[in-house]
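Student: See data_35.cif below, with mmCIF, C-alpha atoms.
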```cif
data_protein
loop_
_atom_site.label_atom_id
_atom_site.label_comp_id
_atom_site.auth_asym_id
_atom_site.auth_seq_id
_atom_site.Cartn_x
_atom_site.Cartn_y
_atom_site.Cartn_z
CA MET Q 23 -22.22 -9.36 -32.66
CA MET Q 24 -22.52 -7.89 -36.16
CA LYS Q 25 -25.56 -5.89 -35.13
CA ALA Q 26 -23.63 -4.47 -32.15
CA ALA Q 27 -20.75 -3.56 -34.47
CA ALA Q 28 -23.19 -1.85 -36.86
CA VAL Q 29 -24.70 0.14 -33.97
CA ALA Q 30 -21.23 1.17 -32.77
CA GLN Q 31 -20.24 2.20 -36.31
CA ASN Q 32 -23.39 4.30 -36.72
CA PHE Q 33 -22.72 5.85 -33.32
CA LEU Q 34 -19.21 6.78 -34.47
CA ILE Q 35 -20.58 8.33 -37.69
CA TRP Q 36 -23.19 10.35 -35.79
CA GLY Q 37 -20.57 11.42 -33.23
CA CYS Q 38 -18.18 12.61 -35.95
CA GLY Q 39 -21.13 14.33 -37.61
CA LEU Q 40 -21.09 16.79 -34.74
CA ILE Q 41 -17.73 18.06 -35.99
CA VAL Q 42 -19.03 18.66 -39.52
CA PRO Q 43 -20.60 22.10 -40.19
CA PHE Q 44 -24.34 22.14 -39.67
CA PRO Q 45 -25.48 22.94 -43.27
CA ILE Q 46 -23.90 19.78 -44.68
CA ARG Q 47 -24.14 17.55 -41.61
CA LEU Q 48 -27.25 15.53 -42.46
CA GLU Q 49 -26.15 14.83 -46.00
CA TRP Q 50 -22.71 13.84 -44.82
CA ILE Q 51 -24.12 11.41 -42.23
CA GLU Q 52 -26.49 9.96 -44.84
CA GLN Q 53 -23.60 9.44 -47.25
CA TRP Q 54 -21.50 7.57 -44.72
CA THR Q 55 -24.33 5.46 -43.29
CA SER Q 56 -25.49 4.44 -46.76
CA GLU Q 57 -21.95 3.57 -47.89
CA MET Q 58 -21.46 1.53 -44.71
CA TRP Q 59 -24.65 -0.42 -45.57
CA TYR Q 60 -23.07 -1.48 -48.87
CA VAL Q 61 -19.66 -2.19 -47.35
CA ARG Q 62 -21.23 -4.61 -44.82
CA ARG Q 63 -22.97 -6.47 -47.62
CA ALA Q 64 -19.90 -6.64 -49.85
CA ASN Q 65 -18.53 -9.73 -48.07
CA ALA Q 66 -15.87 -7.64 -46.38
CA ARG Q 67 -14.24 -8.96 -43.21
CA ALA Q 68 -15.20 -7.32 -39.93
CA GLY Q 69 -11.75 -5.73 -39.65
CA ASP Q 70 -12.05 -4.23 -43.15
CA VAL Q 71 -15.51 -2.87 -42.37
CA TRP Q 72 -14.13 -1.18 -39.26
CA GLN Q 73 -11.14 0.10 -41.22
CA PHE Q 74 -13.51 1.70 -43.72
CA CYS Q 75 -15.66 3.13 -40.93
CA LEU Q 76 -12.71 4.72 -39.12
CA GLY Q 77 -12.14 6.90 -42.18
CA VAL Q 78 -15.09 8.92 -40.94
CA VAL Q 79 -12.84 10.68 -38.40
CA PRO Q 80 -10.23 12.17 -40.79
CA ASP Q 81 -13.01 13.04 -43.24
CA ALA Q 82 -14.95 15.00 -40.59
CA VAL Q 83 -11.78 16.76 -39.44
CA ALA Q 84 -10.83 17.62 -43.05
CA ILE Q 85 -14.28 19.09 -43.69
CA ARG Q 86 -14.13 21.13 -40.50
CA GLN Q 87 -10.67 22.42 -41.47
CA ALA Q 88 -12.03 23.46 -44.85
CA HIS Q 89 -14.93 25.32 -43.18
CA PRO Q 90 -13.38 26.81 -40.05
CA ASP Q 91 -15.76 29.73 -39.81
CA GLU Q 92 -18.95 27.72 -39.75
CA VAL Q 93 -19.45 27.52 -36.03
CA SER Q 94 -20.85 24.33 -34.62
CA THR Q 95 -24.34 24.63 -33.11
CA LEU Q 96 -22.79 23.07 -30.00
CA ILE Q 97 -21.16 26.37 -29.04
CA ARG Q 98 -23.13 28.96 -30.97
CA SER Q 99 -25.29 30.25 -28.14
CA PRO Q 100 -23.78 30.98 -24.70
CA TRP Q 101 -26.00 28.40 -22.96
CA ALA Q 102 -25.16 25.71 -25.53
CA CYS Q 103 -21.45 26.48 -25.11
CA LEU Q 104 -21.62 26.19 -21.31
CA ALA Q 105 -23.76 23.04 -21.51
CA PHE Q 106 -21.32 21.43 -23.94
CA LEU Q 107 -18.28 22.26 -21.78
CA SER Q 108 -20.08 21.02 -18.66
CA LEU Q 109 -21.04 17.78 -20.41
CA LEU Q 110 -17.42 17.21 -21.42
CA ALA Q 111 -16.35 17.97 -17.82
CA ILE Q 112 -18.85 15.38 -16.55
CA PHE Q 113 -17.45 12.76 -18.95
CA ALA Q 114 -13.92 13.62 -17.79
CA PHE Q 115 -15.09 13.37 -14.15
CA LEU Q 116 -16.60 9.93 -14.82
CA GLY Q 117 -13.33 8.88 -16.41
CA ALA Q 118 -11.36 10.16 -13.40
CA VAL Q 119 -13.53 8.30 -10.84
CA LEU Q 120 -12.62 4.99 -12.47
CA PHE Q 121 -9.34 5.14 -10.53
CA PRO Q 122 -9.45 4.57 -6.72
CA GLU Q 123 -6.70 7.13 -5.98
CA THR Q 124 -8.48 9.88 -7.87
CA ARG Q 125 -11.73 9.06 -6.05
CA THR Q 126 -9.95 9.93 -2.78
CA VAL Q 127 -8.62 13.17 -4.19
CA LEU Q 128 -11.96 14.12 -5.73
CA ALA Q 129 -13.87 13.30 -2.54
CA SER Q 130 -11.54 15.57 -0.59
CA SER Q 131 -11.78 18.24 -3.29
CA MET Q 132 -15.55 18.50 -2.76
CA SER Q 133 -15.00 19.47 0.87
CA LEU Q 134 -14.66 22.94 2.34
CA ARG Q 135 -11.08 22.09 3.30
CA PHE Q 136 -10.11 22.19 -0.40
CA VAL Q 137 -11.49 25.71 -0.75
CA LYS Q 138 -9.71 26.86 2.43
CA LEU Q 139 -6.44 25.28 1.28
CA PHE Q 140 -6.83 26.81 -2.18
CA LEU Q 141 -7.32 30.27 -0.73
CA HIS Q 142 -4.47 29.74 1.76
CA HIS Q 143 -2.09 28.67 -1.01
CA TRP Q 144 -3.19 31.57 -3.20
CA MET Q 145 -2.06 33.97 -0.48
CA ALA Q 146 1.03 32.09 0.72
CA THR Q 147 3.93 30.50 -1.12
CA GLY Q 148 2.97 27.00 0.09
CA GLY Q 149 5.21 23.97 -0.39
CA GLY Q 150 6.86 21.52 1.91
CA GLN Q 151 3.72 19.55 2.70
CA SER Q 152 3.21 16.00 1.59
CA ASP Q 153 -0.56 15.82 1.93
CA VAL Q 154 -2.09 14.68 -1.41
CA LEU Q 155 -4.81 17.29 -1.35
CA GLU Q 156 -2.32 20.09 -0.70
CA GLN Q 157 -0.19 18.78 -3.58
CA GLN Q 158 -3.20 19.04 -5.86
CA VAL Q 159 -3.96 22.56 -4.71
CA LEU Q 160 -0.37 23.66 -5.21
CA LEU Q 161 -0.31 22.00 -8.64
CA LEU Q 162 -3.49 23.80 -9.68
CA LYS Q 163 -2.10 27.12 -8.49
CA LEU Q 164 1.23 26.66 -10.32
CA THR Q 165 -0.28 25.49 -13.59
CA PHE Q 166 -2.99 28.13 -13.58
CA MET Q 167 -0.46 30.92 -13.06
CA THR Q 168 1.98 29.44 -15.61
CA ALA Q 169 -0.77 29.18 -18.19
CA CYS Q 170 -1.93 32.76 -17.49
CA VAL Q 171 1.55 34.19 -17.96
CA ILE Q 172 2.32 32.20 -21.11
CA THR Q 173 -1.04 33.00 -22.68
CA LEU Q 174 -0.81 36.71 -21.95
CA ILE Q 175 2.75 36.97 -23.26
CA SER Q 176 2.08 35.02 -26.47
CA SER Q 177 -1.38 36.35 -27.24
CA ALA Q 178 -1.05 40.10 -27.05
CA LYS Q 179 -4.05 40.60 -29.32
CA HIS Q 180 -6.30 38.88 -26.82
CA ARG Q 181 -6.04 41.71 -24.29
CA LEU Q 182 -9.79 41.73 -24.00
CA MET Q 183 -9.82 43.79 -20.85
CA VAL Q 184 -8.34 46.74 -22.72
CA HIS Q 185 -9.57 46.60 -26.29
CA SER Q 186 -12.61 44.52 -26.89
CA PRO Q 187 -16.06 45.87 -26.11
CA ASN Q 188 -17.10 42.29 -25.37
CA VAL Q 189 -16.06 42.41 -21.75
CA ARG Q 190 -18.02 45.52 -20.94
CA GLY Q 191 -21.09 44.46 -19.08
CA TRP Q 192 -21.57 41.94 -16.34
CA LYS Q 193 -23.31 39.44 -18.67
CA SER Q 194 -20.28 39.13 -20.91
CA LEU Q 195 -17.84 38.90 -18.01
CA THR Q 196 -19.99 36.32 -16.21
CA PHE Q 197 -20.11 34.18 -19.33
CA LEU Q 198 -16.32 34.39 -19.74
CA VAL Q 199 -15.77 33.35 -16.12
CA ALA Q 200 -18.33 30.51 -16.41
CA LYS Q 201 -16.61 29.29 -19.58
CA LEU Q 202 -13.22 29.31 -17.88
CA PHE Q 203 -14.67 27.52 -14.84
CA ALA Q 204 -16.38 24.77 -16.88
CA GLY Q 205 -13.34 24.41 -19.13
CA GLY Q 206 -11.04 24.41 -16.10
CA ALA Q 207 -13.03 21.58 -14.52
CA LEU Q 208 -12.78 19.61 -17.77
CA VAL Q 209 -9.01 20.14 -17.97
CA TYR Q 210 -8.51 19.24 -14.29
CA PHE Q 211 -10.54 15.99 -14.40
CA PHE Q 212 -8.91 15.00 -17.68
CA ALA Q 213 -5.43 15.65 -16.23
CA LEU Q 214 -6.30 13.68 -13.09
CA ALA Q 215 -7.52 10.72 -15.15
CA GLY Q 216 -4.51 10.95 -17.48
CA GLY Q 217 -2.00 11.16 -14.64
CA GLU Q 218 -3.54 8.14 -12.87
CA ALA Q 219 -3.87 6.08 -16.06
CA LEU Q 220 -0.18 6.57 -16.85
CA ASN Q 221 0.80 6.63 -13.14
CA ASN Q 222 2.90 9.71 -13.67
CA PHE Q 223 2.57 13.00 -11.80
CA ALA Q 224 4.57 14.81 -14.52
CA VAL Q 225 1.93 13.81 -17.08
CA GLN Q 226 -0.76 15.36 -14.89
CA PHE Q 227 1.30 18.55 -14.62
CA GLY Q 228 1.92 18.64 -18.38
CA ILE Q 229 -1.73 18.08 -19.25
CA LEU Q 230 -2.79 20.78 -16.78
CA VAL Q 231 -0.36 23.39 -18.16
CA ALA Q 232 -1.11 22.60 -21.80
CA GLY Q 233 -4.81 22.29 -21.09
CA PHE Q 234 -5.05 25.64 -19.29
CA ILE Q 235 -3.08 27.42 -22.02
CA LEU Q 236 -5.35 26.00 -24.73
CA LEU Q 237 -8.41 26.79 -22.63
CA PHE Q 238 -7.42 30.45 -22.12
CA ARG Q 239 -6.53 30.96 -25.78
CA TRP Q 240 -9.72 29.31 -27.00
CA SER Q 241 -11.86 31.20 -24.46
CA PHE Q 242 -10.50 34.58 -25.53
CA VAL Q 243 -10.71 33.82 -29.26
CA ASP Q 244 -14.25 32.53 -28.77
CA HIS Q 245 -15.17 35.61 -26.76
CA GLU Q 246 -13.82 37.93 -29.44
CA LYS Q 247 -16.13 36.30 -31.98
CA ARG Q 248 -19.30 36.79 -29.95
CA CYS Q 249 -21.86 39.54 -30.22
CA PRO Q 250 -21.46 41.81 -27.15
CA ILE Q 251 -25.25 42.13 -26.83
CA CYS Q 252 -26.58 38.57 -27.11
CA LEU Q 253 -23.26 36.63 -26.81
CA GLN Q 254 -24.16 34.46 -29.82
CA ARG Q 255 -21.25 33.47 -32.04
CA VAL Q 256 -21.11 35.65 -35.13
CA CYS Q 257 -21.40 33.78 -38.41
CA SER Q 258 -21.67 34.01 -42.23
CA PRO Q 259 -18.20 35.42 -42.91
CA VAL Q 260 -17.70 37.60 -45.99
CA GLU Q 261 -14.23 38.57 -47.14
CA PHE Q 262 -13.40 42.05 -48.49
CA GLY Q 263 -10.21 43.06 -50.24
CA ARG Q 264 -7.32 40.79 -51.15
CA PRO Q 265 -4.30 39.76 -49.10
CA SER Q 266 -2.01 40.55 -52.04
CA CYS Q 267 -3.15 44.19 -52.32
CA PRO Q 268 -3.17 45.59 -48.78
CA LEU Q 269 -2.60 49.16 -50.00
CA LEU Q 270 -5.60 49.18 -52.38
CA SER Q 271 -8.17 47.92 -49.94
CA VAL Q 272 -8.07 46.55 -46.45
CA ASN Q 273 -8.40 42.80 -46.34
CA VAL Q 274 -11.04 42.16 -43.72
CA ARG Q 275 -13.44 39.38 -42.94
CA GLU Q 276 -16.85 40.54 -41.80
CA TYR Q 277 -19.12 38.43 -39.61
CA ILE Q 278 -22.71 39.14 -38.66
CA CYS Q 279 -24.62 38.49 -35.46
CA PRO Q 280 -27.34 35.87 -36.20
CA LEU Q 281 -29.88 38.08 -34.42
CA GLY Q 282 -28.85 41.20 -36.38
CA HIS Q 283 -27.28 43.22 -33.57
CA GLY Q 284 -24.22 44.20 -35.59
CA VAL Q 285 -21.21 43.16 -37.62
CA LEU Q 286 -17.71 42.22 -36.51
CA GLN Q 287 -14.78 43.05 -38.76
CA MET Q 288 -11.49 41.22 -38.34
CA GLN Q 289 -8.40 42.11 -40.32
CA GLU Q 290 -7.10 39.14 -42.28
CA SER Q 291 -3.68 40.49 -43.25
CA PRO Q 292 -2.94 43.31 -40.82
CA LEU Q 293 -0.44 46.01 -41.73
CA LEU Q 294 0.13 46.82 -38.10
CA GLU Q 295 0.75 44.38 -35.29
CA ASP Q 296 -1.96 43.62 -32.83
CA PRO Q 297 -5.09 44.33 -34.94
CA VAL Q 298 -8.20 44.91 -32.88
CA PRO Q 299 -11.52 43.46 -34.09
CA HIS Q 300 -14.00 46.20 -34.86
CA TRP Q 301 -17.64 45.86 -33.77
CA GLN Q 302 -20.26 47.88 -35.65
CA HIS Q 303 -23.61 48.14 -33.94
CA MET Q 304 -26.71 47.95 -36.18
CA GLY Q 305 -29.18 49.57 -33.84
CA ILE Q 306 -31.10 46.52 -32.60
CA ASP Q 307 -30.62 46.16 -28.88
CA ARG Q 308 -32.92 43.23 -27.95
CA MET R 720 -6.64 31.36 -68.45
CA THR R 721 -6.95 29.66 -65.07
CA GLU R 722 -4.16 27.34 -64.04
CA ALA R 723 -5.04 23.69 -63.53
CA PRO R 724 -5.01 22.70 -59.85
CA LYS R 725 -1.94 20.80 -58.72
CA LEU R 726 -2.74 17.21 -57.86
CA SER R 727 -1.02 14.78 -55.56
CA PRO R 728 -0.34 11.24 -56.84
CA LYS R 729 -3.16 9.94 -54.64
CA ALA R 730 -5.60 12.45 -56.12
CA VAL R 731 -4.55 11.35 -59.63
CA LEU R 732 -5.15 7.72 -58.59
CA VAL R 733 -8.64 8.62 -57.43
CA LEU R 734 -9.37 10.50 -60.67
CA GLU R 735 -8.18 7.53 -62.69
CA ALA R 736 -10.33 5.14 -60.65
CA ILE R 737 -13.41 7.29 -61.27
CA SER R 738 -12.60 7.46 -65.00
CA LEU R 739 -12.47 3.63 -65.04
CA GLY R 740 -16.01 3.45 -63.67
CA HIS R 741 -15.38 3.05 -59.93
CA VAL R 742 -17.84 5.71 -58.90
CA TYR R 743 -18.60 4.83 -55.30
CA GLY R 744 -16.36 5.51 -52.30
CA TYR R 745 -15.89 1.84 -51.40
CA SER R 746 -15.13 0.75 -54.96
CA ILE R 747 -12.60 3.59 -55.29
CA MET R 748 -10.98 2.34 -52.08
CA LEU R 749 -10.76 -1.24 -53.41
CA ASN R 750 -9.34 -0.08 -56.74
CA THR R 751 -6.77 2.41 -55.44
CA LYS R 752 -5.87 0.51 -52.24
CA LEU R 753 -6.05 3.81 -50.36
CA GLN R 754 -7.79 4.14 -46.99
CA SER R 755 -11.27 5.63 -46.78
CA GLY R 756 -9.90 8.39 -44.53
CA THR R 757 -7.64 9.42 -47.43
CA ILE R 758 -10.14 9.00 -50.25
CA TYR R 759 -13.05 11.05 -48.93
CA PRO R 760 -11.02 14.21 -48.21
CA ILE R 761 -9.51 13.84 -51.71
CA LEU R 762 -13.00 13.53 -53.19
CA SER R 763 -14.06 16.72 -51.32
CA ARG R 764 -11.04 18.60 -52.66
CA LEU R 765 -11.56 17.36 -56.23
CA GLU R 766 -15.21 18.40 -56.04
CA ARG R 767 -14.21 21.82 -54.71
CA ASP R 768 -11.77 22.18 -57.64
CA GLU R 769 -14.63 21.17 -59.99
CA LEU R 770 -12.78 18.16 -61.37
CA ILE R 771 -15.51 15.77 -60.25
CA LEU R 772 -19.21 16.03 -59.49
CA SER R 773 -21.15 14.11 -56.89
CA ARG R 774 -24.75 13.01 -57.30
CA TRP R 775 -27.20 10.95 -55.30
CA GLU R 776 -28.78 8.12 -57.23
CA LYS R 777 -32.58 8.25 -57.69
CA ARG R 778 -34.11 7.56 -54.29
CA GLY R 779 -37.27 6.03 -55.77
CA ARG R 780 -35.26 3.32 -57.48
CA ALA R 781 -33.23 2.62 -54.33
CA GLU R 782 -36.41 2.41 -52.24
CA GLU R 783 -37.96 -0.08 -54.71
CA GLU R 784 -34.90 -2.26 -54.32
CA GLN R 785 -35.05 -1.82 -50.53
CA ARG R 786 -31.64 -0.31 -50.12
CA PRO R 787 -30.39 3.18 -49.21
CA ALA R 788 -29.59 5.66 -51.99
CA ARG R 789 -25.90 5.95 -52.74
CA LYS R 790 -23.75 8.92 -53.66
CA TYR R 791 -21.66 8.48 -56.76
CA TYR R 792 -18.96 10.55 -58.43
CA ARG R 793 -18.17 11.33 -62.04
CA LEU R 794 -15.55 13.39 -63.84
CA THR R 795 -16.41 16.84 -65.12
CA ARG R 796 -15.13 18.10 -68.46
CA ASP R 797 -12.25 19.81 -66.66
CA GLY R 798 -11.44 16.56 -64.90
CA VAL R 799 -11.43 14.60 -68.16
CA ARG R 800 -9.25 17.24 -69.83
CA LEU R 801 -6.81 17.24 -66.91
CA LEU R 802 -6.56 13.47 -66.91
CA ARG R 803 -5.89 13.45 -70.67
CA LYS R 804 -3.26 16.12 -70.20
CA LEU R 805 -1.58 14.10 -67.46
CA ASP R 806 -1.73 10.93 -69.57
CA GLY R 807 -0.34 12.80 -72.57
CA ALA R 808 2.50 14.25 -70.54
CA GLY R 809 3.22 10.81 -69.13
CA THR R 810 2.43 11.99 -65.64
CA THR R 811 0.07 9.36 -64.39
CA ALA R 812 -0.10 8.51 -60.71
CA GLU R 813 2.46 5.74 -61.09
CA SER R 814 5.01 7.93 -62.85
CA VAL R 815 4.49 10.78 -60.35
CA SER R 816 5.01 8.51 -57.35
CA ALA R 817 7.89 6.68 -59.09
CA GLY R 818 9.57 10.01 -59.74
CA ALA R 819 9.15 11.05 -56.11
CA GLY R 820 10.54 7.71 -54.90
CA GLY R 821 13.54 7.86 -57.22
CA ARG R 822 14.93 11.07 -55.64
#
```
Can you dump the structure from the file as structure tokens?

Tutor:
Amino acid sequence: MMKAAAVAQNFLIWGCGLIVPFPIRLEWIEQWTSEMWYVRRANARAGDVWQFCLGVVPDAVAIRQAHPDEVSTLIRSPWACLAFLSLLAIFAFLGAVLFPETRTVLASSMSLRFVKLFLHHWMATGGGQSDVLEQQVLLLKLTFMTACVITLISSAKHRLMVHSPNVRGWKSLTFLVAKLFAGGALVYFFALAGGEALNNFAVQFGILVAGFILLFRWSFVDHEKRCPICLQRVCSPVEFGRPSCPLLSVNVREYICPLGHGVLQMQESPLLEDPVPHWQHMGIDR
Amino acid sequence: MTEAPKLSPKAVLVLEAISLGHVYGYSIMLNTKLQSGTIYPILSRLERDELILSRWEKRGRAEEEQRPARKYYRLTRDGVRLLRKLDGAGTTAESVSAGAGGR
């Protein structure tokens, strides 16, 4: 029993270690695992040991908040990002299939009928039908469109189609679409599982809307911070200027592509609304 | 002259615990009665503000005793000075939290 608890605690520490920035991750994990070794031998009760161990979560989150620009290796490269999102979508799918009702919906969703209904509802106004699958399709359509509108209105600076060079090129656009698709699947399965667990259709709707909005915002912000040539996340931020003296020098934060393709400059305290990130190519194209 | 960083009552508690010789995370938790999820972020912030230093104990010694090496904390000169200043001004953790509760 105690051995199982120790394994679970180490699993939790390693899991939270994924949130911590890569340069300090190993040391951080070593610190927590060694301290846990001493806590278990200090005649503490099992509940107290767990209480100590659970502190690993706020500590990892606090460290990540203090180092927001150190991108996790989980999403640094485009393939790692897609693999991570797909893995999360698979976990959400496995959670959703625990419920018998969602199994029926998911089984129907895999059929061609779902695609036909989705396209039909996209063209028509829909409504008035009580079929569960058609309800799901209508729900997806409504939440997707709601999230699109809200995101575009509130995030004017993420008008990637107009400003950013990152969407030029089929590679970049394909990656953005794949990210939205994988993230969309994650949000959908999570909403399905959440709605069934709480037995409330409104919860499913709320999770879908909120989830799609967060997904769009994150996808665009993530895309802005990627090199347009290799799609790797830019890193190693360096700050120039000071926020208190915007007239003496522009306060920008400069990131560099890990493969040396160029630098990305983002204004930290913009004088004008809607600052556009500026990409400076360094001449290496491969 | 740089201004001393502003400390919360919990951070002062942690500094006092370290000054009393509780140098490991778990012993700080037992002494201050704070949760580990509160203590470790405070320790990170205090280290960032250069009020404390963290060190790993000698691994060779830990290996001889068949146990993992442990990270311990100690006050820097700035940390000692700040604690003396707080003690002198009567602003220990108890008085800071008592003052906040009395409002």

Student: Apply the PyMOL selection byres ((chain Q) within 6 of (chain R)) to the displayed file and report the matching residues as a PDB file with C-alpha atoms, in the coordinates of the input.

Tutor:
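And here's out.pdb as it stands now:
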```pdb
ATOM      1  CA  SER Q  56     -25.490   4.440 -46.760  1.00  0.00           C
ATOM      2  CA  PHE Q  74     -13.510   1.700 -43.720  1.00  0.00           C
ATOM      3  CA  GLY Q  77     -12.140   6.900 -42.180  1.00  0.00           C
ATOM      4  CA  PRO Q  80     -10.230  12.170 -40.790  1.00  0.00           C
ATOM      5  CA  ASP Q  81     -13.010  13.040 -43.240  1.00  0.00           C
TER       6      ASP Q  81
END
```

Student: I'd like the box whose edges run along x, y and z of the file and which contains every listed atom of segment 744-756 of chain R, padded by 3 Å per side; could you state its centre and edge lengths in Å, one decimal, as AutoDock Vina command-line options?

Tutor:
```
--center_x -11.1 --center_y 3.6 --center_z -50.6 --size_x 16.5 --size_y 15.6 --size_z 18.2
```

Student: Using only C-alpha atoms, which residues sit within 10 Å of Tyr792 of chain R once same-chain residues fewer than 5 positions away are excluded, as a PyMOL selection string?

Tutor: chain R and resi 734+737-738+740-744+747+762+766+771-775

Student: How many Å separate atom CA of Arg767 of chain R from atom CA of Tyr60 of chain Q?

Tutor: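 These two atoms are separated by 25.6 Å.
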
Student: Go ahead and compute the interatomic distance for atom CA of His89 of chain Q and atom CA of Leu40 of chain Q, in Å to one decimal.

Tutor: 13.5 Å
